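final09.cif follows (mmCIF, C-alpha atoms):
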data_my_file
loop_
_atom_site.label_atom_id
_atom_site.label_comp_id
_atom_site.auth_asym_id
_atom_site.auth_seq_id
_atom_site.Cartn_x
_atom_site.Cartn_y
_atom_site.Cartn_z
CA MET A 236 -8.18 26.90 -19.69
CA ASN A 237 -10.58 24.84 -17.58
CA GLN A 238 -9.66 21.48 -16.13
CA GLU A 239 -11.65 19.45 -18.67
CA THR A 240 -10.08 21.15 -21.69
CA ASP A 241 -6.69 20.91 -20.05
CA GLU A 242 -7.09 17.15 -19.56
CA HIS A 243 -8.22 16.68 -23.16
CA ALA A 244 -5.18 18.64 -24.32
CA ARG A 245 -2.69 16.65 -22.29
CA VAL A 246 -4.20 13.31 -23.23
CA ARG A 247 -4.14 14.39 -26.89
CA ALA A 248 -0.51 15.45 -26.50
CA VAL A 249 0.46 12.01 -25.18
CA LEU A 250 -1.49 10.21 -27.89
CA ASP A 251 0.11 12.43 -30.52
CA ARG A 252 3.49 11.44 -29.04
CA GLN A 253 4.57 14.99 -28.32
CA THR A 254 8.01 15.08 -26.77
CA GLY A 255 7.91 15.11 -23.00
CA ALA A 256 4.10 14.91 -22.77
CA PHE A 257 3.97 11.50 -21.13
CA GLU A 258 6.88 12.30 -18.84
CA ALA A 259 5.05 15.44 -17.66
CA LEU A 260 1.89 13.42 -17.06
CA VAL A 261 3.83 10.88 -14.99
CA ARG A 262 5.47 13.66 -12.99
CA ASP A 263 2.09 15.22 -12.18
CA TYR A 264 0.47 12.00 -10.98
CA GLN A 265 3.37 10.01 -9.56
CA LYS A 266 2.77 11.27 -6.05
CA LEU A 267 -0.88 10.21 -6.12
CA CYS A 268 0.18 6.84 -7.50
CA TRP A 269 2.80 6.42 -4.80
CA HIS A 270 0.34 7.32 -2.05
CA ILE A 271 -2.12 4.72 -3.26
CA VAL A 272 0.32 1.93 -4.03
CA PHE A 273 2.66 2.38 -1.09
CA ARG A 274 -0.19 2.60 1.42
CA MET A 275 -1.64 -0.57 -0.02
CA VAL A 276 1.46 -2.75 -0.26
CA HIS A 277 3.58 -1.10 2.48
CA ASP A 278 6.83 -2.13 0.85
CA PRO A 279 8.91 0.55 -0.92
CA ASP A 280 10.52 -1.80 -3.46
CA ASP A 281 7.24 -3.40 -4.46
CA ALA A 282 5.60 0.05 -4.53
CA ARG A 283 8.22 1.39 -6.96
CA ASP A 284 7.71 -1.57 -9.32
CA LEU A 285 3.95 -1.27 -9.11
CA CYS A 286 4.04 2.48 -9.76
CA GLN A 287 6.05 1.78 -12.89
CA GLU A 288 3.57 -0.91 -13.93
CA THR A 289 0.73 1.55 -13.31
CA PHE A 290 2.12 4.19 -15.64
CA LEU A 291 3.02 1.68 -18.32
CA ARG A 292 -0.57 0.49 -18.22
CA VAL A 293 -1.78 4.11 -18.32
CA HIS A 294 0.34 4.60 -21.43
CA ARG A 295 -1.04 1.46 -23.09
CA GLN A 296 -4.66 2.20 -22.26
CA LEU A 297 -4.80 5.98 -22.56
CA ARG A 298 -6.50 5.68 -25.94
CA GLN A 299 -9.39 3.97 -24.16
CA PHE A 300 -9.84 6.81 -21.63
CA ARG A 301 -13.27 8.30 -22.34
CA PHE A 302 -13.19 11.31 -19.97
CA GLU A 303 -16.08 9.83 -17.99
CA CYS A 304 -14.20 10.74 -14.81
CA PRO A 305 -11.22 13.02 -14.10
CA LEU A 306 -7.88 11.69 -15.38
CA LYS A 307 -6.63 11.74 -11.80
CA SER A 308 -9.36 9.29 -10.71
CA TRP A 309 -8.75 7.05 -13.73
CA ILE A 310 -5.02 6.82 -13.01
CA GLY A 311 -5.77 6.33 -9.31
CA ARG A 312 -8.10 3.49 -10.16
CA ILE A 313 -5.47 1.74 -12.22
CA ALA A 314 -2.94 2.14 -9.39
CA TYR A 315 -5.45 0.83 -6.85
CA SER A 316 -6.41 -2.22 -8.92
CA ILE A 317 -2.75 -3.08 -9.60
CA ALA A 318 -1.92 -2.81 -5.89
CA LEU A 319 -5.00 -4.83 -4.94
CA ARG A 320 -4.10 -7.57 -7.41
CA HIS A 321 -0.55 -7.60 -6.01
CA LEU A 322 -1.92 -8.12 -2.50
CA GLU A 323 -4.25 -10.85 -3.71
CA ARG A 324 -1.35 -12.63 -5.39
CA ARG A 325 0.56 -12.48 -2.14
CA ARG A 326 -2.58 -13.61 -0.32
CA ALA A 327 -2.51 -10.54 1.90
CA ALA A 328 -6.08 -9.68 2.89
CA PRO A 329 -6.66 -5.98 2.22
CA VAL A 330 -9.94 -5.68 4.27
CA THR A 331 -12.35 -4.27 1.74
CA HIS A 332 -15.66 -5.32 3.24
CA LEU A 333 -17.41 -3.61 6.09
CA ASP A 334 -20.78 -4.50 7.52
CA ASP A 335 -23.32 -1.69 7.58
CA GLU A 336 -24.34 -2.23 11.18
CA GLY A 337 -23.91 0.55 13.68
CA GLU A 338 -22.82 3.23 11.26
CA SER A 339 -24.48 6.03 13.21
CA ALA A 340 -22.95 4.76 16.43
CA LEU A 341 -19.59 4.72 14.68
CA GLU A 342 -20.12 8.27 13.51
CA ALA A 343 -20.99 9.40 17.04
CA LEU A 344 -17.96 7.63 18.48
CA ALA A 345 -15.64 9.17 15.96
CA ASP A 346 -16.98 12.62 16.76
CA GLU A 347 -16.84 12.10 20.48
CA SER A 348 -14.39 14.42 22.17
CA PHE A 349 -11.45 13.56 19.98
CA ASP A 350 -9.78 16.30 18.09
CA LEU A 351 -6.75 15.27 16.08
CA GLU A 352 -5.83 18.90 15.54
CA ALA A 353 -5.68 19.65 19.24
CA ASP A 354 -4.20 16.32 20.21
CA SER A 355 -1.35 16.21 17.75
CA GLY A 356 0.21 19.60 17.61
CA ASP A 357 3.92 18.92 17.56
CA GLU A 358 6.34 16.93 15.47
CA GLN A 359 6.60 14.08 17.95
CA LEU A 360 2.87 13.54 17.78
CA ALA A 361 2.92 13.79 14.01
CA LEU A 362 5.37 10.92 14.06
CA ARG A 363 2.99 8.93 16.26
CA LEU A 364 0.19 9.69 13.82
CA ARG A 365 2.24 8.41 10.92
CA GLU A 366 2.96 5.23 12.84
CA GLY A 367 -0.73 4.94 13.64
CA VAL A 368 -1.69 5.27 9.98
CA GLY A 369 0.98 2.72 9.11
CA ALA A 370 -0.55 0.28 11.57
CA LEU A 371 -3.98 0.43 9.89
CA PRO A 372 -4.97 -2.32 7.42
CA ALA A 373 -4.13 -1.67 3.76
CA VAL A 374 -7.43 -0.29 2.51
CA PRO A 375 -8.27 2.08 5.40
CA ARG A 376 -4.64 3.24 5.35
CA THR A 377 -5.00 4.12 1.68
CA LEU A 378 -8.36 5.81 2.13
CA VAL A 379 -7.05 7.96 4.98
CA THR A 380 -4.18 9.12 2.78
CA LEU A 381 -6.43 9.90 -0.17
CA PHE A 382 -8.93 11.79 1.96
CA HIS A 383 -6.70 13.72 4.36
CA LEU A 384 -3.52 14.16 2.34
CA GLU A 385 -4.61 14.15 -1.31
CA GLU A 386 -7.85 15.88 -0.29
CA LEU A 387 -9.90 13.83 -2.72
CA SER A 388 -13.67 13.93 -2.32
CA ILE A 389 -15.58 10.88 -1.09
CA ALA A 390 -16.97 10.48 -4.63
CA GLU A 391 -13.48 10.51 -6.16
CA ILE A 392 -12.25 7.95 -3.63
CA ALA A 393 -15.28 5.79 -4.41
CA THR A 394 -14.43 5.98 -8.14
CA ILE A 395 -10.82 4.99 -7.50
CA THR A 396 -11.58 2.09 -5.18
CA GLY A 397 -14.85 0.91 -6.72
CA MET A 398 -16.51 1.04 -3.28
CA ASN A 399 -19.74 2.86 -2.62
CA GLU A 400 -19.53 6.19 -0.84
CA GLY A 401 -21.06 4.85 2.40
CA THR A 402 -18.36 2.20 2.65
CA VAL A 403 -15.64 4.80 2.11
CA LYS A 404 -17.08 6.93 4.91
CA SER A 405 -17.35 3.91 7.22
CA HIS A 406 -13.71 3.07 6.59
CA LEU A 407 -12.71 6.68 7.33
CA PHE A 408 -14.69 6.82 10.56
CA ARG A 409 -13.30 3.48 11.70
CA ALA A 410 -9.78 4.54 10.80
CA ARG A 411 -10.21 7.69 12.88
CA LEU A 412 -11.38 5.59 15.82
CA SER A 413 -8.41 3.27 15.43
CA LEU A 414 -6.07 6.25 15.35
CA ARG A 415 -7.65 7.63 18.49
CA ASP A 416 -7.11 4.32 20.27
CA TRP A 417 -3.58 4.09 18.91
CA LEU A 418 -2.68 7.52 20.28
CA ARG A 419 -4.39 6.98 23.62
CA GLN A 420 -2.66 3.64 24.16
CA ARG A 421 0.60 5.53 23.85
CA GLY A 422 -0.46 8.24 26.23
CA VAL A 423 -1.12 10.77 23.52
CA GLY A 424 -4.36 12.70 23.40
CA GLU A 425 -5.37 12.00 26.97
CA PRO A 426 -6.87 15.01 28.74
CA MET B 371 -23.96 8.97 6.96
CA LYS B 372 -22.31 12.37 7.02
CA THR B 373 -18.94 13.09 5.47
CA PRO B 374 -16.00 12.87 7.89
CA GLU B 375 -14.02 16.05 8.53
CA ARG B 376 -10.58 16.42 7.09
CA SER B 377 -7.71 16.66 9.53
CA ALA B 378 -4.96 19.14 8.76
CA ALA B 379 -2.78 17.51 11.44
CA LEU B 380 -3.10 14.14 9.76
CA ALA B 381 -2.40 15.71 6.37
CA ARG B 382 0.73 17.41 7.75
CA ALA B 383 1.90 14.19 9.37
CA LEU B 384 1.46 12.22 6.15
CA ALA B 385 2.89 14.96 3.95
CA SER B 386 6.13 14.99 5.91
CA GLU B 387 6.85 11.44 4.74
CA ALA B 388 9.21 11.32 1.79
CA ASP B 389 8.00 10.08 -1.59
CA GLY B 390 9.92 6.85 -2.27
CA LEU B 391 10.20 7.24 -6.03
CA PRO B 392 13.57 8.11 -7.57
CA GLU B 393 14.19 11.61 -8.97
CA ASP B 394 14.24 10.37 -12.54
CA PHE B 395 11.20 8.14 -12.19
CA ALA B 396 9.09 10.03 -14.76
CA ALA B 397 11.89 10.08 -17.34
CA ARG B 398 12.61 6.40 -16.81
CA VAL B 399 8.96 5.37 -17.17
CA ALA B 400 8.55 7.55 -20.26
CA ALA B 401 11.60 5.85 -21.84
CA LEU B 402 10.20 2.41 -20.99
CA ALA B 403 6.80 3.34 -22.45
CA ASP B 404 8.49 4.58 -25.59
CA ALA B 405 10.50 1.36 -25.94
CA GLU B 406 7.36 -0.68 -25.37
CA ARG B 407 5.51 1.21 -28.09
CA THR B 408 8.22 0.76 -30.68
CA GLY B 409 8.88 -2.90 -29.85
CA TRP B 410 6.19 -5.32 -31.07
CA ARG B 411 4.97 -8.03 -28.80
CA PHE B 412 2.18 -10.52 -29.08
CA SER B 413 -0.52 -9.18 -26.79
CA ARG B 414 -4.01 -10.43 -26.00
CA ASN B 415 -5.34 -7.85 -28.43
CA ASP B 416 -3.20 -9.33 -31.18
CA ALA B 417 -4.53 -12.76 -30.27
CA GLY B 418 -8.03 -11.31 -30.45
CA LEU B 419 -7.42 -9.89 -33.90
CA LEU B 420 -6.00 -13.19 -35.05
CA GLY B 421 -9.04 -14.93 -33.59
CA ALA B 422 -11.35 -12.53 -35.39
CA PHE B 423 -9.53 -13.20 -38.64
CA ALA B 424 -9.83 -16.95 -38.11
CA ALA B 425 -13.54 -16.46 -37.32
CA MET B 426 -14.06 -14.55 -40.54
CA ILE B 427 -12.31 -17.20 -42.61
CA GLY B 428 -14.16 -19.98 -40.77
CA VAL B 429 -17.58 -18.45 -41.35
CA CYS B 430 -16.83 -17.76 -45.03
CA VAL B 431 -15.53 -21.26 -45.72
CA THR B 432 -18.37 -22.94 -43.83
CA GLY B 433 -20.95 -20.76 -45.59
CA TRP B 434 -19.37 -21.56 -48.95
CA LYS B 435 -19.38 -25.25 -48.17
CA TRP B 436 -23.06 -25.26 -47.18
CA PHE B 437 -24.51 -22.91 -49.78
CA GLY B 438 -22.00 -22.11 -52.50
CA THR B 439 -21.28 -25.69 -53.49
CA GLN B 440 -25.02 -26.41 -54.02
CA GLU B 441 -24.86 -24.47 -57.29
CA PRO B 442 -23.64 -26.59 -60.20
CA GLY B 443 -20.00 -25.87 -60.74
CA GLY B 444 -20.02 -23.29 -57.91
CA ALA B 445 -16.92 -24.55 -56.17
CA GLU B 446 -14.94 -25.58 -59.19
CA TRP B 447 -13.07 -22.32 -59.62
CA LEU B 448 -11.75 -22.50 -56.07
CA GLY B 449 -10.58 -26.02 -56.75
CA PRO B 450 -8.31 -27.72 -54.30
CA LEU B 451 -8.15 -24.74 -51.92
CA VAL B 452 -11.78 -25.22 -50.86
CA ASP B 453 -11.21 -28.93 -50.47
CA ALA B 454 -8.31 -28.22 -48.17
CA LEU B 455 -10.08 -25.65 -46.03
CA SER B 456 -13.70 -26.80 -45.86
CA TYR B 457 -13.61 -29.02 -42.85
CA ASP B 458 -15.99 -28.80 -39.89
CA PRO B 459 -13.24 -27.77 -37.43
CA TRP B 460 -13.30 -24.38 -39.15
CA LEU B 461 -16.74 -23.78 -37.70
CA ILE B 462 -15.32 -24.37 -34.23
CA ILE B 463 -12.42 -22.04 -34.97
CA GLY B 464 -14.91 -19.41 -36.14
CA VAL B 465 -17.07 -19.62 -33.02
CA ALA B 466 -14.00 -19.62 -30.79
CA GLY B 467 -12.67 -16.54 -32.58
CA VAL B 468 -15.92 -14.65 -32.02
CA ALA B 469 -15.92 -15.72 -28.36
CA ILE B 470 -12.33 -14.49 -27.90
CA VAL B 471 -13.15 -11.10 -29.40
CA GLN B 472 -16.29 -10.77 -27.26
CA GLY B 473 -14.36 -11.80 -24.17
CA LEU B 474 -11.63 -9.25 -24.82
CA THR B 475 -14.19 -6.51 -25.43
CA PHE B 476 -15.97 -7.33 -22.18
CA ARG B 477 -12.69 -7.41 -20.28
CA ARG B 478 -11.69 -4.03 -21.71
CA ARG B 479 -14.97 -2.49 -20.53
CA ALA B 480 -14.88 -4.15 -17.14
CA THR B 481 -11.36 -3.19 -16.08
CA PRO B 482 -9.65 0.20 -16.18
#

Would you mind writing the structure in this file as structure tokens?
Amino acid sequence: MNQETDEHARVRAVLDRQTGAFEALVRDYQKLCWHIVFRMVHDPDDARDLCQETFLRVHRQLRQFRFECPLKSWIGRIAYSIALRHLERRRAAPVTHLDDEGESALEALADESFDLEADSGDEQLALRLREGVGALPAVPRTLVTLFHLEELSIAEIATITGMNEGTVKSHLFRARLSLRDWLRQRGVGEP
Amino acid sequence: MKTPERSAALARALASEADGLPEDFAARVAALADAERTGWRFSRNDAGLLGAFAAMIGVCVTGWKWFGTQEPGGAEWLGPLVDALSYDPWLIIGVAGVAIVQGLTFRRRATP
């Protein structure tokens, strides 16, 4: 069964109120939801409440899902917008805008002699990396997680966040630069 | 701008963080969703439907007042009911109802 047919089947199952269908859907996407919401709000209690709100909204609005994008992206988008609204209510600036200046310079800088694979081989460095990601602003932090951990494509991340693909890439390059600086300031990754 | 490369080290570092959701999260949310579906509550959609109904009544009554009553004896069979309902505020209620429905439709398309 291909992915499209599979998604139609599981959405149909939930809408037909088949026992356990919605629970299975939640189980399959709860990790994605957590990664988005927790990276955005950075507070485990708030993240749990917002994840619950996300899936309740998914349940209410599933009938309106038109299969114009993968279900994963649609759920991700709901999670992202709920987290963003939460941050706006708390007046926490999530840093969503980037200027377009110097993108090629940024790209070159990010490529320049910095290899995360080589520089962060052991568990101690992995811990530093996690701290580094945690120190990024909300939106880049979320994008890094979606790209490197969830392995979503740039197009999928753009669908979830409503940004254009160039902005997503800029955020990722800048985040990589910030991580490089973070590690180097702590004596990690120096030759 | 080219696509950034994925980092397996970063993925490993992030993957080693525990998921903060409780074990029974899916079951709990499913139960809440089920309870929400069975319990009725007055949502914006309900308000929209009510608005649409008011719009329909408003347009009908206003139309009847303007055109139907011009025929001799046209309004007699409705009697006192028409007298009670055919006020100008119904036109406002009708327009407001249509605006509410349009607003809700736009909102539904604009947000996931």

Q) For this file, the PyMOL selection byres ((chain A and resi 273-277) around 12) selects which residues, as a PyMOL selection string? A) (chain A and resi 265-272+278-286+314-331+365+368-381+396) or (chain B and resi 384+387-391)

If we count all atoms listed in the file, which residues of chain B reach to within 7 Å of chain A? Please list them as a PDB file with C-alpha atoms, in the coordinates of the input.
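Dumped everything to out39.pdb:
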ATOM      1  CA  MET B 371     -23.960   8.970   6.960  1.00  0.00           C
ATOM      2  CA  THR B 373     -18.940  13.090   5.470  1.00  0.00           C
ATOM      3  CA  PRO B 374     -16.000  12.870   7.890  1.00  0.00           C
ATOM      4  CA  ARG B 376     -10.580  16.420   7.090  1.00  0.00           C
ATOM      5  CA  SER B 377      -7.710  16.660   9.530  1.00  0.00           C
ATOM      6  CA  ALA B 378      -4.960  19.140   8.760  1.00  0.00           C
ATOM      7  CA  ALA B 379      -2.780  17.510  11.440  1.00  0.00           C
ATOM      8  CA  LEU B 380      -3.100  14.140   9.760  1.00  0.00           C
ATOM      9  CA  ALA B 381      -2.400  15.710   6.370  1.00  0.00           C
ATOM     10  CA  ALA B 383       1.900  14.190   9.370  1.00  0.00           C
ATOM     11  CA  LEU B 384       1.460  12.220   6.150  1.00  0.00           C
ATOM     12  CA  ALA B 385       2.890  14.960   3.950  1.00  0.00           C
ATOM     13  CA  ASP B 389       8.000  10.080  -1.590  1.00  0.00           C
ATOM     14  CA  GLY B 390       9.920   6.850  -2.270  1.00  0.00           C
ATOM     15  CA  LEU B 391      10.200   7.240  -6.030  1.00  0.00           C
ATOM     16  CA  ALA B 396       9.090  10.030 -14.760  1.00  0.00           C
ATOM     17  CA  ALA B 397      11.890  10.080 -17.340  1.00  0.00           C
ATOM     18  CA  VAL B 399       8.960   5.370 -17.170  1.00  0.00           C
ATOM     19  CA  ALA B 400       8.550   7.550 -20.260  1.00  0.00           C
ATOM     20  CA  ALA B 403       6.800   3.340 -22.450  1.00  0.00           C
ATOM     21  CA  PRO B 482      -9.650   0.200 -16.180  1.00  0.00           C
TER      22      PRO B 482
END

Q: Please indicate the distance in Å from CA of Phe423 in chain B to CA of Ala466 in chain B, rounded to one decimal place.
A: 11.1 Å

Q: Quote the spacing between CA of Val471 in chain B and CA of Ser413 in chain B in Å to one decimal place.
A: 13.0 Å

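Between Val249 in chain A and the candidates A:Arg298, A:Lys307, A:His406, A:Arg419, the tightest atom-to-atom separation, counting all atoms listed in the file, involves A:Arg298.
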
Q: Would you work out the distance separating CA of Ala410 in chain A from CA of Glu375 in chain B, expressed in Å to one decimal?
A: 12.5 Å
